[in-house]
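Visitor: Sharing protein_6.cif, mmCIF, C-alpha atoms and all ligand atoms:
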data_target
#
loop_
_atom_site.group_PDB
_atom_site.id
_atom_site.type_symbol
_atom_site.label_atom_id
_atom_site.label_comp_id
_atom_site.auth_asym_id
_atom_site.auth_seq_id
_atom_site.Cartn_x
_atom_site.Cartn_y
_atom_site.Cartn_z
ATOM 1 C CA MET Z 1 135.253 -139.929 -151.498
ATOM 2 C CA ALA Z 2 133.349 -138.469 -154.472
ATOM 3 C CA VAL Z 3 130.088 -140.269 -155.227
ATOM 4 C CA ASP Z 4 127.631 -140.268 -158.097
ATOM 5 C CA LEU Z 5 124.094 -140.116 -156.713
ATOM 6 C CA CYS Z 6 121.889 -140.853 -159.726
ATOM 7 C CA GLY Z 7 123.836 -138.477 -161.939
ATOM 8 C CA LEU Z 8 124.619 -135.878 -159.252
ATOM 9 C CA GLU Z 9 128.368 -135.665 -158.796
ATOM 10 C CA LEU Z 10 128.924 -135.173 -155.079
ATOM 11 C CA ALA Z 11 132.343 -134.299 -153.681
ATOM 12 C CA HIS Z 12 131.787 -136.534 -150.629
ATOM 13 C CA PRO Z 13 128.973 -138.613 -149.133
ATOM 14 C CA VAL Z 14 127.657 -136.197 -146.456
ATOM 15 C CA ILE Z 15 124.409 -134.297 -147.038
ATOM 16 C CA ASN Z 16 121.708 -132.894 -144.716
ATOM 17 C CA GLY Z 17 118.426 -134.461 -143.682
ATOM 18 C CA SER Z 18 115.461 -132.465 -144.972
ATOM 19 C CA GLY Z 19 114.213 -129.892 -142.477
ATOM 20 C CA THR Z 20 117.197 -130.039 -140.169
ATOM 21 C CA PHE Z 21 119.454 -127.275 -141.470
ATOM 22 C CA ASP Z 22 118.101 -123.824 -142.375
ATOM 23 C CA VAL Z 23 120.807 -122.683 -144.742
ATOM 24 C CA ILE Z 24 118.985 -119.450 -145.605
ATOM 25 C CA ALA Z 25 118.917 -118.413 -141.925
ATOM 26 C CA ALA Z 26 122.522 -119.570 -141.455
ATOM 27 C CA ARG Z 27 123.604 -117.424 -144.381
ATOM 28 C CA ARG Z 28 121.902 -114.395 -142.819
ATOM 29 C CA VAL Z 29 123.981 -114.946 -139.680
ATOM 30 C CA PHE Z 30 127.309 -116.072 -141.130
ATOM 31 C CA GLY Z 31 127.274 -114.383 -144.551
ATOM 32 C CA PRO Z 32 129.389 -115.725 -147.436
ATOM 33 C CA SER Z 33 131.481 -117.867 -145.071
ATOM 34 C CA MET Z 34 128.452 -120.176 -144.812
ATOM 35 C CA ASP Z 35 128.839 -121.110 -148.475
ATOM 36 C CA GLU Z 36 132.600 -121.527 -148.178
ATOM 37 C CA ASN Z 37 132.204 -123.808 -145.153
ATOM 38 C CA LEU Z 38 129.064 -125.642 -146.227
ATOM 39 C CA PRO Z 39 129.551 -129.168 -144.858
ATOM 40 C CA PHE Z 40 127.164 -130.812 -147.317
ATOM 41 C CA SER Z 41 127.941 -132.066 -150.836
ATOM 42 C CA ALA Z 42 124.298 -131.480 -151.819
ATOM 43 C CA PHE Z 43 121.604 -129.511 -150.037
ATOM 44 C CA VAL Z 44 118.149 -130.958 -149.367
ATOM 45 C CA SER Z 45 115.359 -128.420 -148.889
ATOM 46 C CA LYS Z 46 112.733 -128.661 -146.191
ATOM 47 C CA THR Z 47 109.576 -130.372 -147.459
ATOM 48 C CA ILE Z 48 107.398 -128.144 -149.589
ATOM 49 C CA THR Z 49 103.715 -128.730 -150.245
ATOM 50 C CA LEU Z 50 101.448 -127.369 -152.956
ATOM 51 C CA GLU Z 51 99.725 -124.872 -150.674
ATOM 52 C CA PRO Z 52 101.349 -122.921 -147.821
ATOM 53 C CA ARG Z 53 101.160 -124.555 -144.383
ATOM 54 C CA LEU Z 54 101.405 -122.890 -140.991
ATOM 55 C CA GLY Z 55 102.509 -126.101 -139.287
ATOM 56 C CA ASN Z 56 101.342 -127.441 -135.931
ATOM 57 C CA PRO Z 57 100.519 -125.442 -132.815
ATOM 58 C CA PRO Z 58 103.272 -125.198 -130.184
ATOM 59 C CA PRO Z 59 104.944 -126.788 -128.357
ATOM 60 C CA ARG Z 60 106.659 -128.400 -131.328
ATOM 61 C CA LEU Z 61 109.774 -129.989 -129.852
ATOM 62 C CA PHE Z 62 110.312 -132.355 -126.938
ATOM 63 C CA GLU Z 63 113.808 -133.393 -125.929
ATOM 64 C CA THR Z 64 114.173 -137.098 -125.158
ATOM 65 C CA ALA Z 65 116.997 -139.073 -123.566
ATOM 66 C CA ALA Z 66 118.773 -139.486 -126.893
ATOM 67 C CA GLY Z 67 117.257 -137.138 -129.395
ATOM 68 C CA MET Z 68 113.964 -135.347 -129.758
ATOM 69 C CA ILE Z 69 110.370 -135.687 -130.801
ATOM 70 C CA ASN Z 70 109.259 -133.023 -133.255
ATOM 71 C CA SER Z 71 105.788 -132.078 -134.275
ATOM 72 C CA ILE Z 72 106.671 -129.170 -136.528
ATOM 73 C CA GLY Z 73 103.940 -130.054 -139.039
ATOM 74 C CA LEU Z 74 105.829 -129.092 -142.204
ATOM 75 C CA PRO Z 75 105.296 -125.317 -142.178
ATOM 76 C CA ASN Z 76 106.312 -123.934 -145.567
ATOM 77 C CA ARG Z 77 105.427 -121.213 -148.044
ATOM 78 C CA GLY Z 78 103.903 -123.637 -150.544
ATOM 79 C CA LEU Z 79 105.098 -124.209 -154.087
ATOM 80 C CA ALA Z 80 104.599 -120.630 -155.315
ATOM 81 C CA GLY Z 81 106.337 -119.171 -152.260
ATOM 82 C CA TYR Z 82 109.209 -121.634 -152.599
ATOM 83 C CA LEU Z 83 109.713 -120.731 -156.248
ATOM 84 C CA GLU Z 84 109.573 -117.000 -155.534
ATOM 85 C CA HIS Z 85 111.459 -116.693 -152.232
ATOM 86 C CA ASP Z 86 113.506 -119.780 -151.371
ATOM 87 C CA LEU Z 87 114.593 -121.210 -154.712
ATOM 88 C CA PRO Z 88 116.517 -118.108 -155.857
ATOM 89 C CA GLN Z 89 118.518 -118.216 -152.617
ATOM 90 C CA LEU Z 90 119.055 -121.994 -152.566
ATOM 91 C CA ALA Z 91 120.055 -121.945 -156.241
ATOM 92 C CA THR Z 92 123.200 -119.960 -155.445
ATOM 93 C CA LEU Z 93 124.556 -122.585 -153.048
ATOM 94 C CA PRO Z 94 127.816 -124.114 -154.300
ATOM 95 C CA VAL Z 95 126.337 -127.652 -154.291
ATOM 96 C CA PRO Z 96 123.459 -129.389 -156.127
ATOM 97 C CA LEU Z 97 119.999 -128.675 -154.732
ATOM 98 C CA ILE Z 98 117.594 -131.499 -153.938
ATOM 99 C CA THR Z 99 114.050 -130.223 -153.423
ATOM 100 C CA ASN Z 100 111.922 -132.305 -151.050
ATOM 101 C CA VAL Z 101 108.182 -132.407 -151.770
ATOM 102 C CA MET Z 102 105.100 -133.967 -150.229
ATOM 103 C CA GLY Z 103 101.470 -134.177 -151.288
ATOM 104 C CA SER Z 104 98.422 -135.806 -149.759
ATOM 105 C CA ASN Z 105 97.398 -137.413 -153.075
ATOM 106 C CA ALA Z 106 98.774 -138.189 -156.545
ATOM 107 C CA ASP Z 107 97.341 -135.029 -158.034
ATOM 108 C CA GLU Z 108 99.176 -132.785 -155.561
ATOM 109 C CA VAL Z 109 102.434 -134.711 -155.899
ATOM 110 C CA GLY Z 110 102.114 -134.643 -159.690
ATOM 111 C CA GLN Z 111 101.665 -130.864 -159.722
ATOM 112 C CA LEU Z 112 104.730 -130.395 -157.509
ATOM 113 C CA LEU Z 113 106.933 -132.657 -159.633
ATOM 114 C CA GLU Z 114 105.755 -131.077 -162.868
ATOM 115 C CA ALA Z 115 106.368 -127.517 -161.672
ATOM 116 C CA LEU Z 116 109.859 -128.337 -160.396
ATOM 117 C CA ASP Z 117 110.770 -130.373 -163.467
ATOM 118 C CA GLY Z 118 111.102 -127.159 -165.430
ATOM 119 C CA ARG Z 119 113.482 -125.526 -162.926
ATOM 120 C CA GLU Z 120 117.105 -126.028 -163.837
ATOM 121 C CA GLU Z 121 118.157 -124.831 -160.371
ATOM 122 C CA VAL Z 122 116.779 -128.106 -158.985
ATOM 123 C CA ALA Z 123 119.171 -131.024 -159.513
ATOM 124 C CA ALA Z 124 116.946 -133.761 -158.082
ATOM 125 C CA LEU Z 125 113.687 -134.292 -156.238
ATOM 126 C CA GLU Z 126 113.100 -136.093 -152.978
ATOM 127 C CA LEU Z 127 109.544 -137.340 -152.467
ATOM 128 C CA ASN Z 128 108.533 -137.551 -148.803
ATOM 129 C CA VAL Z 129 105.925 -140.315 -148.550
ATOM 130 C CA SER Z 130 105.386 -139.960 -144.803
ATOM 131 C CA CYS Z 131 102.151 -138.060 -145.383
ATOM 132 C CA PRO Z 132 99.134 -139.701 -143.698
ATOM 133 C CA ASN Z 133 96.468 -141.090 -145.991
ATOM 134 C CA VAL Z 134 93.267 -139.264 -144.965
ATOM 135 C CA LYS Z 135 91.213 -142.470 -145.245
ATOM 136 C CA THR Z 136 93.453 -144.957 -143.410
ATOM 137 C CA GLY Z 137 95.520 -142.649 -141.200
ATOM 138 C CA LEU Z 138 98.603 -144.640 -142.265
ATOM 139 C CA ASP Z 139 101.553 -143.018 -143.998
ATOM 140 C CA ILE Z 140 101.092 -143.183 -147.801
ATOM 141 C CA GLY Z 141 104.522 -144.785 -148.033
ATOM 142 C CA SER Z 142 103.743 -147.497 -145.491
ATOM 143 C CA ASP Z 143 101.945 -149.728 -148.002
ATOM 144 C CA PRO Z 144 103.828 -151.079 -151.061
ATOM 145 C CA ALA Z 145 100.624 -151.235 -153.153
ATOM 146 C CA GLU Z 146 99.701 -147.644 -152.359
ATOM 147 C CA LEU Z 147 103.215 -146.400 -153.100
ATOM 148 C CA THR Z 148 103.199 -148.276 -156.411
ATOM 149 C CA LYS Z 149 99.922 -146.573 -157.336
ATOM 150 C CA LEU Z 150 101.258 -143.144 -156.380
ATOM 151 C CA LEU Z 151 104.499 -143.546 -158.334
ATOM 152 C CA ALA Z 152 102.685 -144.934 -161.384
ATOM 153 C CA ALA Z 153 100.653 -141.726 -161.458
ATOM 154 C CA VAL Z 154 103.494 -139.257 -160.894
ATOM 155 C CA ARG Z 155 106.803 -140.724 -162.088
ATOM 156 C CA GLY Z 156 106.217 -139.453 -165.627
ATOM 157 C CA LYS Z 157 105.805 -135.863 -164.401
ATOM 158 C CA THR Z 158 109.536 -135.309 -164.077
ATOM 159 C CA SER Z 159 112.688 -136.419 -165.815
ATOM 160 C CA LYS Z 160 114.814 -135.322 -162.858
ATOM 161 C CA PRO Z 161 116.308 -137.959 -160.570
ATOM 162 C CA LEU Z 162 113.632 -138.980 -158.066
ATOM 163 C CA ILE Z 163 114.657 -140.031 -154.570
ATOM 164 C CA VAL Z 164 111.809 -141.622 -152.605
ATOM 165 C CA LYS Z 165 112.133 -140.892 -148.875
ATOM 166 C CA LEU Z 166 110.687 -143.981 -147.232
ATOM 167 C CA THR Z 167 108.780 -143.981 -143.980
ATOM 168 C CA PRO Z 168 110.057 -146.209 -141.173
ATOM 169 C CA ASN Z 169 106.508 -146.504 -139.834
ATOM 170 C CA THR Z 170 105.719 -149.626 -141.820
ATOM 171 C CA ALA Z 171 105.687 -153.371 -141.265
ATOM 172 C CA ASN Z 172 108.340 -154.215 -143.862
ATOM 173 C CA VAL Z 173 110.461 -151.382 -145.239
ATOM 174 C CA ALA Z 174 112.225 -153.679 -147.728
ATOM 175 C CA LEU Z 175 108.925 -154.411 -149.483
ATOM 176 C CA VAL Z 176 108.194 -150.697 -149.770
ATOM 177 C CA ALA Z 177 111.715 -150.030 -151.090
ATOM 178 C CA ALA Z 178 111.241 -152.778 -153.686
ATOM 179 C CA ALA Z 179 107.958 -151.153 -154.737
ATOM 180 C CA ALA Z 180 109.767 -147.810 -155.137
ATOM 181 C CA GLU Z 181 112.476 -149.463 -157.253
ATOM 182 C CA ALA Z 182 109.952 -151.251 -159.478
ATOM 183 C CA SER Z 183 107.983 -148.015 -159.944
ATOM 184 C CA GLY Z 184 110.799 -145.875 -161.288
ATOM 185 C CA ALA Z 185 112.536 -144.342 -158.264
ATOM 186 C CA ASP Z 186 116.182 -143.495 -158.934
ATOM 187 C CA ALA Z 187 117.228 -143.761 -155.277
ATOM 188 C CA VAL Z 188 115.674 -144.165 -151.853
ATOM 189 C CA SER Z 189 116.380 -142.305 -148.634
ATOM 190 C CA LEU Z 190 115.690 -143.519 -145.108
ATOM 191 C CA ILE Z 191 114.813 -143.203 -142.326
ATOM 192 C CA ASN Z 192 112.328 -140.469 -141.585
ATOM 193 C CA THR Z 193 111.266 -139.963 -137.971
ATOM 194 C CA LEU Z 194 109.565 -142.730 -135.980
ATOM 195 C CA ARG Z 195 106.080 -141.935 -134.715
ATOM 196 C CA ALA Z 196 106.339 -141.048 -131.043
ATOM 197 C CA PHE Z 197 104.381 -139.554 -128.141
ATOM 198 C CA ALA Z 198 105.531 -137.189 -125.418
ATOM 199 C CA ALA Z 199 103.329 -137.320 -122.315
ATOM 200 C CA ASP Z 200 102.508 -134.004 -120.629
ATOM 201 C CA PRO Z 201 103.746 -134.364 -117.021
ATOM 202 C CA ALA Z 202 101.096 -131.918 -115.772
ATOM 203 C CA ARG Z 203 98.114 -133.495 -117.568
ATOM 204 C CA PRO Z 204 98.093 -137.290 -117.243
ATOM 205 C CA GLY Z 205 97.208 -139.030 -120.495
ATOM 206 C CA LYS Z 206 97.511 -135.851 -122.544
ATOM 207 C CA ALA Z 207 100.051 -135.021 -125.230
ATOM 208 C CA TRP Z 208 102.746 -132.479 -124.452
ATOM 209 C CA LEU Z 209 103.179 -131.581 -128.119
ATOM 210 C CA GLY Z 210 100.643 -129.248 -129.705
ATOM 211 C CA GLY Z 211 100.258 -131.579 -132.677
ATOM 212 C CA GLY Z 212 99.512 -134.659 -130.524
ATOM 213 C CA THR Z 213 102.020 -137.232 -131.731
ATOM 214 C CA GLY Z 214 105.372 -136.374 -133.276
ATOM 215 C CA GLY Z 215 108.440 -137.983 -134.796
ATOM 216 C CA GLN Z 216 111.413 -139.278 -132.835
ATOM 217 C CA SER Z 217 114.854 -138.541 -134.299
ATOM 218 C CA GLY Z 218 118.447 -138.536 -133.105
ATOM 219 C CA PRO Z 219 120.696 -141.248 -131.614
ATOM 220 C CA ALA Z 220 117.648 -143.041 -130.150
ATOM 221 C CA ILE Z 221 116.679 -144.210 -133.652
ATOM 222 C CA ARG Z 222 120.157 -145.034 -134.968
ATOM 223 C CA ALA Z 223 119.943 -148.806 -134.438
ATOM 224 C CA VAL Z 224 116.513 -148.894 -136.104
ATOM 225 C CA ALA Z 225 117.855 -146.839 -139.017
ATOM 226 C CA LEU Z 226 120.799 -149.178 -139.388
ATOM 227 C CA ALA Z 227 118.542 -152.249 -139.379
ATOM 228 C CA GLN Z 228 116.278 -150.692 -142.007
ATOM 229 C CA THR Z 229 119.279 -149.646 -144.138
ATOM 230 C CA CYS Z 230 120.608 -153.232 -144.078
ATOM 231 C CA ALA Z 231 117.175 -154.617 -144.988
ATOM 232 C CA VAL Z 232 116.732 -152.195 -147.882
ATOM 233 C CA ALA Z 233 120.293 -152.687 -149.176
ATOM 234 C CA ALA Z 234 119.656 -156.428 -149.298
ATOM 235 C CA ALA Z 235 116.395 -155.951 -151.199
ATOM 236 C CA ILE Z 236 117.180 -153.403 -153.931
ATOM 237 C CA GLU Z 237 119.932 -152.196 -156.255
ATOM 238 C CA LEU Z 238 119.136 -148.479 -156.081
ATOM 239 C CA PRO Z 239 121.487 -146.035 -154.355
ATOM 240 C CA ILE Z 240 120.584 -145.446 -150.705
ATOM 241 C CA VAL Z 241 120.767 -142.191 -148.768
ATOM 242 C CA ALA Z 242 120.819 -143.253 -145.115
ATOM 243 C CA MET Z 243 120.147 -141.243 -141.991
ATOM 244 C CA GLY Z 244 118.889 -141.593 -138.459
ATOM 245 C CA GLY Z 245 120.906 -140.512 -135.454
ATOM 246 C CA ILE Z 246 124.222 -140.098 -137.240
ATOM 247 C CA ALA Z 247 126.372 -138.097 -134.847
ATOM 248 C CA SER Z 248 129.947 -139.102 -135.692
ATOM 249 C CA ALA Z 249 132.118 -140.349 -138.532
ATOM 250 C CA ALA Z 250 132.094 -143.808 -136.902
ATOM 251 C CA ASN Z 251 128.284 -143.788 -137.051
ATOM 252 C CA ALA Z 252 128.403 -142.636 -140.677
ATOM 253 C CA ARG Z 253 130.879 -145.393 -141.537
ATOM 254 C CA GLN Z 254 128.463 -148.032 -140.196
ATOM 255 C CA PHE Z 255 125.719 -146.814 -142.554
ATOM 256 C CA LEU Z 256 128.120 -146.746 -145.510
ATOM 257 C CA ASP Z 257 129.277 -150.271 -144.631
ATOM 258 C CA ALA Z 258 125.620 -151.348 -144.423
ATOM 259 C CA GLY Z 259 125.165 -150.380 -148.061
ATOM 260 C CA ALA Z 260 124.421 -146.651 -148.124
ATOM 261 C CA LEU Z 261 126.060 -144.535 -150.833
ATOM 262 C CA VAL Z 262 125.365 -141.222 -149.101
ATOM 263 C CA ILE Z 263 124.586 -140.384 -145.468
ATOM 264 C CA ALA Z 264 122.628 -137.442 -144.077
ATOM 265 C CA VAL Z 265 123.134 -135.603 -140.822
ATOM 266 C CA GLY Z 266 119.898 -134.389 -139.214
ATOM 267 C CA THR Z 267 119.217 -133.893 -135.514
ATOM 268 C CA GLU Z 268 122.919 -133.710 -134.670
ATOM 269 C CA SER Z 269 123.051 -130.379 -136.541
ATOM 270 C CA PHE Z 270 120.622 -128.899 -133.968
ATOM 271 C CA ARG Z 271 122.950 -129.940 -131.134
ATOM 272 C CA ASP Z 272 126.053 -128.772 -132.980
ATOM 273 C CA PRO Z 273 125.711 -126.972 -136.320
ATOM 274 C CA ALA Z 274 129.367 -127.807 -137.069
ATOM 275 C CA ALA Z 275 128.816 -131.567 -136.620
ATOM 276 C CA ALA Z 276 128.305 -132.403 -140.290
ATOM 277 C CA GLY Z 277 131.578 -130.648 -141.178
ATOM 278 C CA ALA Z 278 133.460 -132.649 -138.550
ATOM 279 C CA ILE Z 279 131.889 -135.900 -139.770
ATOM 280 C CA ARG Z 280 132.836 -135.071 -143.366
ATOM 281 C CA ASP Z 281 136.437 -134.182 -142.415
ATOM 282 C CA GLU Z 282 136.919 -137.317 -140.348
ATOM 283 C CA LEU Z 283 135.467 -139.528 -143.086
ATOM 284 C CA LEU Z 284 137.833 -137.920 -145.602
ATOM 285 C CA GLU Z 285 140.779 -138.518 -143.276
ATOM 286 C CA LEU Z 286 139.827 -142.165 -142.802
ATOM 287 C CA SER Z 287 139.404 -142.803 -146.531
HETATM 288 C C1 LIG J 1 112.979 -130.711 -136.677
HETATM 289 C C2 LIG J 1 112.925 -131.704 -137.798
HETATM 290 C C3 LIG J 1 112.305 -131.346 -138.996
HETATM 291 C C4 LIG J 1 112.230 -132.267 -140.054
HETATM 292 N N1 LIG J 1 111.625 -131.888 -141.205
HETATM 293 C C5 LIG J 1 111.572 -132.773 -142.248
HETATM 294 C C6 LIG J 1 110.994 -132.398 -143.481
HETATM 295 O O1 LIG J 1 110.551 -131.257 -143.681
HETATM 296 N N2 LIG J 1 110.929 -133.331 -144.468
HETATM 297 C C7 LIG J 1 111.457 -134.609 -144.327
HETATM 298 O O2 LIG J 1 111.387 -135.407 -145.268
HETATM 299 N N3 LIG J 1 112.051 -134.977 -143.166
HETATM 300 C C8 LIG J 1 112.108 -134.095 -142.139
HETATM 301 N N4 LIG J 1 112.728 -134.463 -140.970
HETATM 302 C C9 LIG J 1 113.325 -135.825 -140.856
HETATM 303 C C10 LIG J 1 114.843 -135.798 -141.075
HETATM 304 O O3 LIG J 1 115.178 -135.345 -142.376
HETATM 305 C C11 LIG J 1 115.440 -137.204 -140.853
HETATM 306 O O4 LIG J 1 114.873 -138.088 -141.782
HETATM 307 C C12 LIG J 1 115.198 -137.752 -139.449
HETATM 308 O O5 LIG J 1 115.220 -136.716 -138.496
HETATM 309 C C13 LIG J 1 116.204 -138.840 -139.047
HETATM 310 O O6 LIG J 1 117.520 -138.346 -139.039
HETATM 311 P P1 LIG J 1 118.243 -137.757 -137.699
HETATM 312 O O7 LIG J 1 117.988 -138.722 -136.590
HETATM 313 O O8 LIG J 1 119.676 -137.619 -138.060
HETATM 314 O O9 LIG J 1 117.590 -136.425 -137.435
HETATM 315 C C14 LIG J 1 112.803 -133.557 -139.898
HETATM 316 C C15 LIG J 1 113.438 -133.900 -138.697
HETATM 317 C C16 LIG J 1 113.506 -133.001 -137.658
HETATM 318 C C17 LIG J 1 114.205 -133.399 -136.384
#
Could you write out this file's structure as C-alpha cells?
Guide:
Amino acid sequence: MAVDLCGLELAHPVINGSGTFDVIAARRVFGPSMDENLPFSAFVSKTITLEPRLGNPPPRLFETAAGMINSIGLPNRGLAGYLEHDLPQLATLPVPLITNVMGSNADEVGQLLEALDGREEVAALELNVSCPNVKTGLDIGSDPAELTKLLAAVRGKTSKPLIVKLTPNTANVALVAAAAEASGADAVSLINTLRAFAADPARPGKAWLGGGTGGQSGPAIRAVALAQTCAVAAAIELPIVAMGGIASAANARQFLDAGALVIAVGTESFRDPAAAGAIRDELLELS
C-alpha cells in the first residue's frame, strides 16, 4: 500500500490531520515505543503562524452528537519557537514531516514558506487557507481568485512540495481546488472543519465556546467530506489527502475509492488514540 505523495515515499496511505495528534506529548508518556508504533506514514504538524498565538479563551471544545466543535484558535509558539523547540523533536520521527503553516496575508505566508524551505528536516509544507480575511471575514481559501493571488505571491518562496489544505466553508470547493492546481500546488488536502455554533444552554442566544463560533469535525462531517473529495477528484489531477470523520478502515476505503491517494485520521484519535493504527492495519489486510 506504499504511495508516493508528491515525492514523499509513504509506507501506507494513513497520516494524521493537523492539530489532532500531539506526538511530542505522546512521546513523553509512551517513550520510544511511540515511534515504533507510530500509526502514520507521515506526520503533519499543528498549524504554525509567524508570531506566537495563545489561542482562544476557554471553553474550547464542545461535544456534539457525532463529533465535536473546536474553537482552539491555533495556539502555537510561532515560527521561531517551532524551529527552536518543536522541529528538533519532530525531525527525529521515523516518518517524513509535513509542516502546516497559516498566515493572514501573503507576506506572512511567504515568510513562513521561505524560512521552512531551508530546513531539511521538513519534507513538505501544508498551507492552511482557512484563515479569515480581515476585510471580508471569509476564509482566504474560500475564494478562487483570492487563493490564486496568494499562491502567485508565495509559491516561489519554497521548492518543497506544497499541499494546499482547502477550506470546506466555500460555495464551490472544486473551483478553489482548480485554482490551487493552476497556481502551483503539488497536492490538496480536505476537508478542514465546518464552521459551527454551540449554543450555551444557560444563556439563550449566546455562544458556549469562548471563541464564539468553532469548527465541527468527526463523523458528523464525513458525508460532506466525501462529497467534497468526489467533487475535487473530478476537477483536478493533483494528489488528494482526504479527511473528515474517518473512524474505520471502511470509511477510509470510501475516501480512497472516491479518488484520494492518502487519508488522514483526525477527531477519531481523540476518542481512541490507537484508532489510526487499527485503520492502517485493517487497510493493509484488505489490500
Ligand atoms: C482539536 C482540533 C484541532 C485542529 N487543529 C488544526 C490545525 O492546527 N490546523 C489545521 O489545518 N487543521 C486543524 N484541525 C482540522 C483537522 O486537521 C481536520 O481537517 C478536521 O478535523 C476534519 O477531520 P476529522 O473529522 O477526522 O477530525 C483541527 C481539528 C481539531 C478537531
Visitor: List all protein, DNA and RNA residues that have an atom no more than 6 Å from any atom of ligand LIG 1 (chain J), counting only C-alpha atoms and all ligand atoms, and report them as JSON, numbers by chain.
Guide: {"Z": [17, 18, 19, 20, 46, 47, 70, 74, 128, 191, 192, 193, 217, 218, 243, 244, 245, 246, 265, 266, 267]}
Visitor: How would the residues just chosen look if you wrote them out with C-alpha atoms as a short mmCIF file (atom, residue, chain, number, x, y, z; two decimals), keeping the file's coordinate frame?
Guide:
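Dumped everything to part-v1.cif:
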data_model
loop_
_atom_site.label_atom_id
_atom_site.label_comp_id
_atom_site.auth_asym_id
_atom_site.auth_seq_id
_atom_site.Cartn_x
_atom_site.Cartn_y
_atom_site.Cartn_z
CA GLY Z 17 118.43 -134.46 -143.68
CA SER Z 18 115.46 -132.46 -144.97
CA GLY Z 19 114.21 -129.89 -142.48
CA THR Z 20 117.20 -130.04 -140.17
CA LYS Z 46 112.73 -128.66 -146.19
CA THR Z 47 109.58 -130.37 -147.46
CA ASN Z 70 109.26 -133.02 -133.26
CA LEU Z 74 105.83 -129.09 -142.20
CA ASN Z 128 108.53 -137.55 -148.80
CA ILE Z 191 114.81 -143.20 -142.33
CA ASN Z 192 112.33 -140.47 -141.58
CA THR Z 193 111.27 -139.96 -137.97
CA SER Z 217 114.85 -138.54 -134.30
CA GLY Z 218 118.45 -138.54 -133.10
CA MET Z 243 120.15 -141.24 -141.99
CA GLY Z 244 118.89 -141.59 -138.46
CA GLY Z 245 120.91 -140.51 -135.45
CA ILE Z 246 124.22 -140.10 -137.24
CA VAL Z 265 123.13 -135.60 -140.82
CA GLY Z 266 119.90 -134.39 -139.21
CA THR Z 267 119.22 -133.89 -135.51
#
Visitor: What does the distance from atom CA of Leu93 of chain Z to atom CA of Leu38 of chain Z come to in Å, to one decimal?
Guide: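 Separation between atom CA of Leu93 of chain Z and atom CA of Leu38 of chain Z: 8.7 Å.
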Visitor: Each side padded by 4 Å, which centre and which edge lengths in Å (one decimal) define the axis-aligned box around the listed atoms of segment 208-227 of chain Z? Give them as JSON.
Guide:
{"center_x": 110.2, "center_y": -140.7, "center_z": -131.9, "size_x": 29.3, "size_y": 31.0, "size_z": 22.9}
Visitor: Since I can't run it myself right now, could you work out what the PyMOL selection byres (((chain Z and resi 152) around 10) and not hetatm) selects here and report it as number ranges by chain?
Guide: Z: 106, 146-151, 153-156, 180, 182-184
Visitor: Expressed in Å to a single decimal, how great is the separation between atom CA of Ile279 of chain Z and atom CA of Pro88 of chain Z?
Guide: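 Taking atom CA of Ile279 of chain Z and atom CA of Pro88 of chain Z, their separation equals 28.5 Å.
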Visitor: Using all atoms listed in the file, find the one residue out of Z:Val14, Z:Val188, Z:Leu54, Z:Ala235 that sits nearest to Arg253 of chain Z.
Guide: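 Distance minimum relative to Arg253 of chain Z lands on Z:Val14.
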Visitor: Looking at Z:Ile48, Z:Ala179, Z:Ala233, Z:Leu194, which one is nearest to Met102 of chain Z, with distances taken over only C-alpha atoms?
Guide: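 Result for the nearest residue to Met102 of chain Z: Z:Ile48.
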Visitor: List, as a list in words, every residue that the PyMOL selection byres (((chain Z and resi 64) around 10) and not hetatm) selects in the file provided.
Guide: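 On this input, the PyMOL selection byres (((chain Z and resi 64) around 10) and not hetatm) captures Leu61, Phe62, Glu63, Ala65, Ala66, Gly67, Met68, Ile69, Ala198, Gln216, Ser217, Gly218 and Ala220 of chain Z.
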Visitor: Please measure the separation of atom CA of Ala42 of chain Z and atom CA of Glu121 of chain Z, giving the value in Å to one decimal.
Guide: 12.5 Å
Visitor: Specify as a count of residues only each residue included when the PyMOL selection byres (((chain Z and resi 169) around 7) and not hetatm) is applied to this file.
Guide: 6
Visitor: Counting all atoms listed in the file, what is within 8 Å of Ala275 of chain Z, bar same-chain residues fewer than 5 positions away, as a ChimeraX atom specification?
Guide: /Z:247-248,268-269
Visitor: Output C-alpha atoms for every residue in the selection just made, as a short mmCIF file (atom, residue, chain, number, x, y, z; two decimals), in the frame of the given file.
Guide:
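Result saved to result.cif:
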data_model
loop_
_atom_site.label_atom_id
_atom_site.label_comp_id
_atom_site.auth_asym_id
_atom_site.auth_seq_id
_atom_site.Cartn_x
_atom_site.Cartn_y
_atom_site.Cartn_z
CA ALA Z 247 126.37 -138.10 -134.85
CA SER Z 248 129.95 -139.10 -135.69
CA GLU Z 268 122.92 -133.71 -134.67
CA SER Z 269 123.05 -130.38 -136.54
#
Visitor: Give me, as a PyMOL selection string, all polymer residues having an atom no more than 12 Å from Arg53 of chain Z, counting only C-alpha atoms and skipping those fewer than 6 positions away in the same chain.
Guide: chain Z and resi 47+72-79+81-82+102-103
Visitor: For a quick check of understanding, using all atoms listed in the file, which of Z:Leu116, Z:Ala252, Z:Val176, Z:Val101 has the smallest distance to Gly141 of chain Z?
Guide: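 The closest residue to Gly141 of chain Z is Z:Val176.
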Visitor: Provide segment 212-216 of chain Z rebuilt to N, CA and C atoms, formatted as a CSV table (one decimal), keeping the file's coordinate frame.
Guide:
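Below is the file that was written, rebuild_7.csv:
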chain,number,residue,atom,x,y,z
Z,212,GLY,N,99.9,-133.3,-131.0
Z,212,GLY,CA,99.5,-134.7,-130.5
Z,212,GLY,C,100.7,-135.6,-130.6
Z,213,THR,N,100.8,-136.4,-131.6
Z,213,THR,CA,102.0,-137.2,-131.7
Z,213,THR,C,103.1,-136.5,-132.5
Z,214,GLY,N,104.3,-137.0,-132.5
Z,214,GLY,CA,105.4,-136.4,-133.3
Z,214,GLY,C,106.3,-137.4,-133.8
Z,215,GLY,N,107.5,-137.0,-134.2
Z,215,GLY,CA,108.4,-138.0,-134.8
Z,215,GLY,C,109.7,-138.0,-134.0
Z,216,GLN,N,110.1,-139.2,-133.6
Z,216,GLN,CA,111.4,-139.3,-132.8
Z,216,GLN,C,112.6,-139.3,-133.8
